[in-house]
Amino acid sequence: MITADIVLENGPVWCGLAEGEQDAVALWQGLVLATGTREAVGALKGPATRVIDLGGRFAMPGLYDAHMHLLPLGLAMDCVDARYEAAPSIAALVEAIRARAATQAPGTWVLARGYDQGRWQEGRHPSVDDLDRAAPEHPVYLVRACGHVGVVNSAAMRLAGLTPETPTPPGGLIERGPDGRLTGLLAENGRDAVHAVLPAATHENLVAAIEGAGRACLRLGITSVMDAAVGTQGGRAELAAYRTAERSARLPVRTLQCLMGGSRGIAAEAVAEGLVTGTGSDLLRVGPVKIFTDGSAGGKTAAMSEPYLGVPETHGVLCLTDEECHAEIAHYHAAGCQMAIHAIGDVAIEQVLSGYEKALAAQPDPTRRHRIEHCGFLSEGQLARMRSHAILPAPQPSFLREFGDLYLQVVGEVRTAPSYPMRAWIEAGLHPSASTDAPVTDLDPLANLHAMVTRATRSGRVIGADQVLSREEALHAYTWAAAYGGREEHRKGRLVPGQLADVAVFSHDLRHVEAAALLGEVACEMTILGGEIVYERGG
């Protein structure tokens with residue numbers, strides 16, 4: 001008779017949206033063996049079974065962050081923290097950069113990440129003058145929270161060869177002031193010259209970043225992620241780092257690799273070598289191919305049909321022409337790949353949708369599950385077309401919490417209220433997943449769950465209350481729907497026999513606790529990956 005390796009009992013075990021609650025779950029050889037009543041599961045105990053008394057705590061399938069950046073998150077942990085909580089003003093950020101520069105040799109890069117100008121009283125981006133004041137002898141590169149906008153100082157501009165005469169590249173922005181002087185602000189393809197001169201991370205840096213970020217996931221109950229743009233930080237060196245991490249037991253979470261496409265990506269070469277969607281193991285698997293079509297709404301670079309408020313000449317940035325975008329889609333679709341394309345504004349979404357429609361008409365495949373990453377500001381007609389072609393949205397509900405107040409400023413309430421329409425997508429049968437885009441927003445899934453069940457901004461403003469989800473729907477988006485978007489629902493996302501034994505245990509029942517408690521009172525108590533306890537709070 002088979003006996004369980006681990007049994008969790010004496011607390012609610014949520015097995016999935018359709019499966020509901022059970023009293024206990026048994027795990028065996030890395031898989032779920034059984035769920036059921038305490039008595040039925042108890043019959044599977046043997047002398048070597050480890051019995052975990054939940055003591056009323058809440059067990060559920062391990063969480064799956066369907067769009068985040070694992071390796072960049074790990075690298076960002078070594079950057080100057082420019083988030084509001086660490087730098088609540090431009091002056092505070094200047095001091096933080098100055099302090100970091102004092103620890104480094106002159107001429108070495110100071111990297112910072114995470115600011116949101118909408119939360120600062122100054123209400124503006126930092127400038128080249130601010131960064132020159134902070135570190136005149138060091139090149140400085142400061143990245144906005146969204147990852148699509150950056151600010152550099154004079155030393156960085158000199159290294160990158162940026163001058164007032166430098167032309168703005170297609171699909172990018174190199175901002176100039178009224179006097180024609182560079183302000184230091186760069187967006188989208190306008191950052192390419194700086195990226196070209198940044199110091200390359202070593203192989204060990206990359207592996208350590210994967211490991212550090214992965215352990216951060218485990219502390220939050222996250223057992224699976226999609227690294228949403230593999231190749232953007234170190235090219236093909238990232239693939240080598242992931243292989244090393246897997247072989248040396250330094251890959252803490254199951255990772256779906258979304259390969260970066262486009263002219264500067266690694267996807268074309270990787271796919272030609274056979275690294276197509278679905279290849280790999282349960283721990284490290286190749287997922288979709290990604291390209292960027294626009295930027296971020298908060299950075300005013302998402303491509304919109306209507307202008308941003310107060311700047312009628314600004315509709316955002318399209319990174320590719322229609323022809324370029326559609327050629328990329330056609331190529332990877334024909335190669336058998338799933339695609340996961342970044343598009344936030346309705347103009348970018350239109351470009352992606354029309355490309356998907358052409359590719360699917362030329363080579364029909366109702367099971368491909370092409371995705372639109374973010375898919376923030378879309379029209380009703382576009383949603384209907386997504387439904388017709390089974391195009392999946394991969395949104396970040398946490399954007400509404402983190403950036404919703406800024407969205408109200410830059411595009412207004414009428415356009416913001418229907419953005420990221422989780423309920424509409426569910427009702428259309430499009431299985432929206434949940435994700436954070438970390439380090440764009442905080443990795444914490446509890447804040448993301450709060451956003452799904454309240455749609456409240458940081459200031460408490462509720463945006464589009466008709467799109468609020470139930471607790472179970474929100475958990476479903478973070479488990480089964482995320483696995484479905486990665487074409488992995490047959491292996492993960494539920495606690496049913498035969499699925500991977502990935503379990504998260506929380507201090508409170510996430511289906512019933514007050515929403516406010518999600519932002520501080522609730523904690524992950526234990527994480528189990530493949531039937532092994534990989535995190536215990538306080539352990």
# chains A, B, ... in the order shown; residues from 1 in each chain; ligands from 1

$ residues_around --residues "Gly123 of chain A" --least-positions-apart "5" --cutoff "12 Å" --atoms "only C-alpha atoms" --output "PDB file with all heavy atoms, in the first residue's frame"
ATOM      1  N   PRO A  88      11.103  59.001  -0.374  1.00  0.00           N
ATOM      2  CA  PRO A  88       9.798  59.672  -0.515  1.00  0.00           C
ATOM      3  C   PRO A  88       9.847  61.043  -1.177  1.00  0.00           C
ATOM      4  O   PRO A  88       8.830  61.735  -1.226  1.00  0.00           O
ATOM      5  CB  PRO A  88       9.317  59.790   0.938  1.00  0.00           C
ATOM      6  CG  PRO A  88      10.570  59.824   1.751  1.00  0.00           C
ATOM      7  CD  PRO A  88      11.551  58.957   1.032  1.00  0.00           C
ATOM      8  N   SER A  89      10.989  61.440  -1.705  1.00  0.00           N
ATOM      9  CA  SER A  89      11.102  62.714  -2.416  1.00  0.00           C
ATOM     10  C   SER A  89      12.324  62.636  -3.322  1.00  0.00           C
ATOM     11  O   SER A  89      13.193  61.764  -3.157  1.00  0.00           O
ATOM     12  CB  SER A  89      11.263  63.880  -1.432  1.00  0.00           C
ATOM     13  OG  SER A  89      12.497  63.774  -0.738  1.00  0.00           O
ATOM     14  N   ILE A  90      12.405  63.567  -4.254  1.00  0.00           N
ATOM     15  CA  ILE A  90      13.591  63.619  -5.112  1.00  0.00           C
ATOM     16  C   ILE A  90      14.821  63.912  -4.271  1.00  0.00           C
ATOM     17  O   ILE A  90      15.902  63.341  -4.492  1.00  0.00           O
ATOM     18  CB  ILE A  90      13.406  64.657  -6.225  1.00  0.00           C
ATOM     19  CG1 ILE A  90      12.333  64.183  -7.216  1.00  0.00           C
ATOM     20  CG2 ILE A  90      14.723  64.916  -6.950  1.00  0.00           C
ATOM     21  CD1 ILE A  90      12.031  65.158  -8.333  1.00  0.00           C
ATOM     22  N   TYR A 115      11.359  54.369  -8.947  1.00  0.00           N
ATOM     23  CA  TYR A 115      10.632  55.597  -8.603  1.00  0.00           C
ATOM     24  C   TYR A 115       9.321  55.715  -9.380  1.00  0.00           C
ATOM     25  O   TYR A 115       9.160  55.176 -10.476  1.00  0.00           O
ATOM     26  CB  TYR A 115      11.506  56.836  -8.850  1.00  0.00           C
ATOM     27  CG  TYR A 115      11.541  57.311 -10.288  1.00  0.00           C
ATOM     28  CD1 TYR A 115      10.635  58.274 -10.756  1.00  0.00           C
ATOM     29  CD2 TYR A 115      12.477  56.813 -11.191  1.00  0.00           C
ATOM     30  CE1 TYR A 115      10.660  58.706 -12.076  1.00  0.00           C
ATOM     31  CE2 TYR A 115      12.508  57.248 -12.506  1.00  0.00           C
ATOM     32  CZ  TYR A 115      11.596  58.189 -12.948  1.00  0.00           C
ATOM     33  OH  TYR A 115      11.605  58.611 -14.253  1.00  0.00           O
ATOM     34  N   ASP A 116       8.380  56.409  -8.799  1.00  0.00           N
ATOM     35  CA  ASP A 116       7.108  56.753  -9.444  1.00  0.00           C
ATOM     36  C   ASP A 116       6.866  58.226  -9.164  1.00  0.00           C
ATOM     37  O   ASP A 116       6.502  58.599  -8.036  1.00  0.00           O
ATOM     38  CB  ASP A 116       5.976  55.892  -8.883  1.00  0.00           C
ATOM     39  CG  ASP A 116       4.602  56.262  -9.428  1.00  0.00           C
ATOM     40  OD1 ASP A 116       4.541  57.129 -10.325  1.00  0.00           O
ATOM     41  OD2 ASP A 116       3.599  55.712  -8.954  1.00  0.00           O
ATOM     42  N   GLN A 117       7.073  59.044 -10.160  1.00  0.00           N
ATOM     43  CA  GLN A 117       6.958  60.492  -9.960  1.00  0.00           C
ATOM     44  C   GLN A 117       5.578  60.907  -9.489  1.00  0.00           C
ATOM     45  O   GLN A 117       5.414  61.956  -8.843  1.00  0.00           O
ATOM     46  CB  GLN A 117       7.342  61.242 -11.246  1.00  0.00           C
ATOM     47  CG  GLN A 117       6.272  61.292 -12.331  1.00  0.00           C
ATOM     48  CD  GLN A 117       6.156  60.004 -13.122  1.00  0.00           C
ATOM     49  OE1 GLN A 117       6.840  59.028 -12.837  1.00  0.00           O
ATOM     50  NE2 GLN A 117       5.299  59.999 -14.129  1.00  0.00           N
ATOM     51  N   GLY A 118       4.577  60.103  -9.761  1.00  0.00           N
ATOM     52  CA  GLY A 118       3.222  60.443  -9.348  1.00  0.00           C
ATOM     53  C   GLY A 118       3.024  60.423  -7.841  1.00  0.00           C
ATOM     54  O   GLY A 118       2.069  61.021  -7.338  1.00  0.00           O
ATOM     55  N   LEU A 406      -2.155  57.665 -10.398  1.00  0.00           N
ATOM     56  CA  LEU A 406      -1.474  58.344 -11.500  1.00  0.00           C
ATOM     57  C   LEU A 406      -2.258  58.194 -12.799  1.00  0.00           C
ATOM     58  O   LEU A 406      -2.353  59.144 -13.592  1.00  0.00           O
ATOM     59  CB  LEU A 406      -0.064  57.774 -11.665  1.00  0.00           C
ATOM     60  CG  LEU A 406       0.805  58.395 -12.764  1.00  0.00           C
ATOM     61  CD1 LEU A 406       0.967  59.899 -12.565  1.00  0.00           C
ATOM     62  CD2 LEU A 406       2.169  57.711 -12.817  1.00  0.00           C
ATOM     63  N   GLN A 409      -4.729  60.785 -13.152  1.00  0.00           N
ATOM     64  CA  GLN A 409      -4.153  62.080 -13.522  1.00  0.00           C
ATOM     65  C   GLN A 409      -3.823  62.160 -15.012  1.00  0.00           C
ATOM     66  O   GLN A 409      -4.020  63.207 -15.620  1.00  0.00           O
ATOM     67  CB  GLN A 409      -2.872  62.329 -12.717  1.00  0.00           C
ATOM     68  CG  GLN A 409      -3.053  62.463 -11.229  1.00  0.00           C
ATOM     69  CD  GLN A 409      -1.707  62.599 -10.516  1.00  0.00           C
ATOM     70  OE1 GLN A 409      -0.730  63.110 -11.077  1.00  0.00           O
ATOM     71  NE2 GLN A 409      -1.642  62.113  -9.291  1.00  0.00           N
ATOM     72  N   VAL A 410      -3.327  61.051 -15.576  1.00  0.00           N
ATOM     73  CA  VAL A 410      -2.786  61.152 -16.931  1.00  0.00           C
ATOM     74  C   VAL A 410      -3.777  60.763 -18.021  1.00  0.00           C
ATOM     75  O   VAL A 410      -3.622  61.194 -19.178  1.00  0.00           O
ATOM     76  CB  VAL A 410      -1.488  60.324 -17.083  1.00  0.00           C
ATOM     77  CG1 VAL A 410      -0.413  60.838 -16.141  1.00  0.00           C
ATOM     78  CG2 VAL A 410      -1.733  58.841 -16.873  1.00  0.00           C
TER      79      VAL A 410
END

$ residues_around --residues "Ala481 of chain A" --least-positions-apart "5" --cutoff "8 Å" --atoms "only C-alpha atoms" --output "list in words"
His431, Pro432, Ser433, Ala434, His476, Glu489 and Gly493 of chain A

$ select_by_dssp --residues "segment 79-233 of chain A" --states "alpha helix (DSSP H)" --output "VMD selection string"
chain A and resid 90 to 101 128 to 134 154 to 160 192 to 195 203 to 218

$ atom_distance --atom1 "atom CA of Gln338 of chain A" --atom2 "atom CA of Pro61 of chain A"
24.9 Å

$ residues_around --residues "Asp81 of chain A" --least-positions-apart "5" --cutoff "8 Å" --atoms "only C-alpha atoms" --output "VMD selection string"
chain A and resid 86 to 87 112 to 114

$ write_last_selection --atoms "N, CA and C atoms" --output "short mmCIF file (atom, residue, chain, number, x, y, z; two decimals), in the first residue's frame"
data_model
loop_
_atom_site.label_atom_id
_atom_site.label_comp_id
_atom_site.auth_asym_id
_atom_site.auth_seq_id
_atom_site.Cartn_x
_atom_site.Cartn_y
_atom_site.Cartn_z
N ALA A 86 11.31 53.99 0.26
CA ALA A 86 12.71 54.20 0.59
C ALA A 86 13.18 55.61 0.28
N ALA A 87 12.56 56.25 -0.73
CA ALA A 87 12.96 57.59 -1.16
C ALA A 87 11.70 58.41 -1.41
N ALA A 112 19.95 52.60 -10.03
CA ALA A 112 18.82 52.79 -9.11
C ALA A 112 17.55 52.41 -9.84
N ARG A 113 16.55 52.00 -9.07
CA ARG A 113 15.31 51.54 -9.72
C ARG A 113 14.11 51.75 -8.80
N GLY A 114 12.95 52.05 -9.45
CA GLY A 114 11.69 51.94 -8.74
C GLY A 114 10.90 53.20 -8.48
#

$ residues_around --residues "Met226 of chain A" --least-positions-apart "3" --cutoff "6 Å" --atoms "only C-alpha atoms" --output "list of chain:residue names"
A:Ala66, A:His67, A:Thr255, A:Leu256, A:Gln257

$ write_last_selection --atoms "N, CA, C and O atoms" --output "mmCIF file, in the first residue's frame"
data_model
loop_
_atom_site.group_PDB
_atom_site.id
_atom_site.type_symbol
_atom_site.label_atom_id
_atom_site.label_comp_id
_atom_site.auth_asym_id
_atom_site.auth_seq_id
_atom_site.Cartn_x
_atom_site.Cartn_y
_atom_site.Cartn_z
ATOM 1 N N ALA A 66 2.192 34.924 -13.064
ATOM 2 C CA ALA A 66 2.182 34.614 -14.494
ATOM 3 C C ALA A 66 2.958 35.595 -15.356
ATOM 4 O O ALA A 66 3.138 35.352 -16.558
ATOM 5 N N HIS A 67 3.420 36.686 -14.779
ATOM 6 C CA HIS A 67 4.233 37.649 -15.546
ATOM 7 C C HIS A 67 5.034 38.472 -14.549
ATOM 8 O O HIS A 67 4.534 39.419 -13.945
ATOM 9 N N THR A 255 10.068 27.722 -13.213
ATOM 10 C CA THR A 255 10.185 28.920 -14.045
ATOM 11 C C THR A 255 9.854 28.608 -15.498
ATOM 12 O O THR A 255 10.414 27.688 -16.091
ATOM 13 N N LEU A 256 8.937 29.397 -16.038
ATOM 14 C CA LEU A 256 8.624 29.377 -17.461
ATOM 15 C C LEU A 256 9.389 30.529 -18.095
ATOM 16 O O LEU A 256 9.218 31.687 -17.697
ATOM 17 N N GLN A 257 10.232 30.232 -19.070
ATOM 18 C CA GLN A 257 11.062 31.251 -19.686
ATOM 19 C C GLN A 257 10.356 31.846 -20.904
ATOM 20 O O GLN A 257 10.136 31.162 -21.902
#

$ closest_residue --among "A:Ser296, A:Gln382, A:Thr416, A:Thr3" --to "His342 of chain A" --atoms "only C-alpha atoms"
A:Ser296

$ closest_residue --among "A:Arg401, A:Arg158, A:His326, A:Arg250" --to "Ser354 of chain A" --atoms "only C-alpha atoms"
A:His326

$ atom_distance --atom1 "atom CA of Ser419 of chain A" --atom2 "atom CA of Arg368 of chain A"
25.2 Å

$ residues_around --residues "Ile291 of chain A" --least-positions-apart "4" --cutoff "9 Å" --atoms "only C-alpha atoms" --output "PyMOL selection string"
chain A and resi 229+259-262+265+325+328+339-342

$ closest_residue --among "A:Ile6, A:Val230, A:Leu198, A:Val151" --to "Thr49 of chain A" --atoms "only C-alpha atoms"
A:Ile6

$ residues_around --residues "segment 20-25 of chain A" --least-positions-apart "6" --cutoff "8 Å" --atoms "only C-alpha atoms" --output "ChimeraX atom specification"
/A:7-14,32-38,41,495

$ closest_residue --among "A:Ala384, A:Ala4, A:Leu510, A:Ala359" --to "Arg57 of chain A" --atoms "only C-alpha atoms"
A:Leu510

$ closest_residue --among "A:Pro421, A:Pro139, A:Gly30, A:Gly62" --to "Leu475 of chain A" --atoms "only C-alpha atoms"
A:Gly62

$ residues_around --residues "segment 167-180 of chain A" --least-positions-apart "5" --cutoff "9 Å" --atoms "only C-alpha atoms" --output "list in words"
Leu185, Leu186, Ala187, Glu188, Asn189, Gly190, Arg191, Asp192, Thr293, Asp294, Thr301, Val317, Leu318, Cys319, Leu320 and Thr321 of chain A

$ atom_distance --atom1 "atom CA of Gly376 of chain A" --atom2 "atom CA of His148 of chain A"
15.4 Å

$ closest_residue --among "A:Leu408, A:Ile344, A:Leu353, A:Ala267" --to "Pro395 of chain A" --atoms "only C-alpha atoms"
A:Ile344
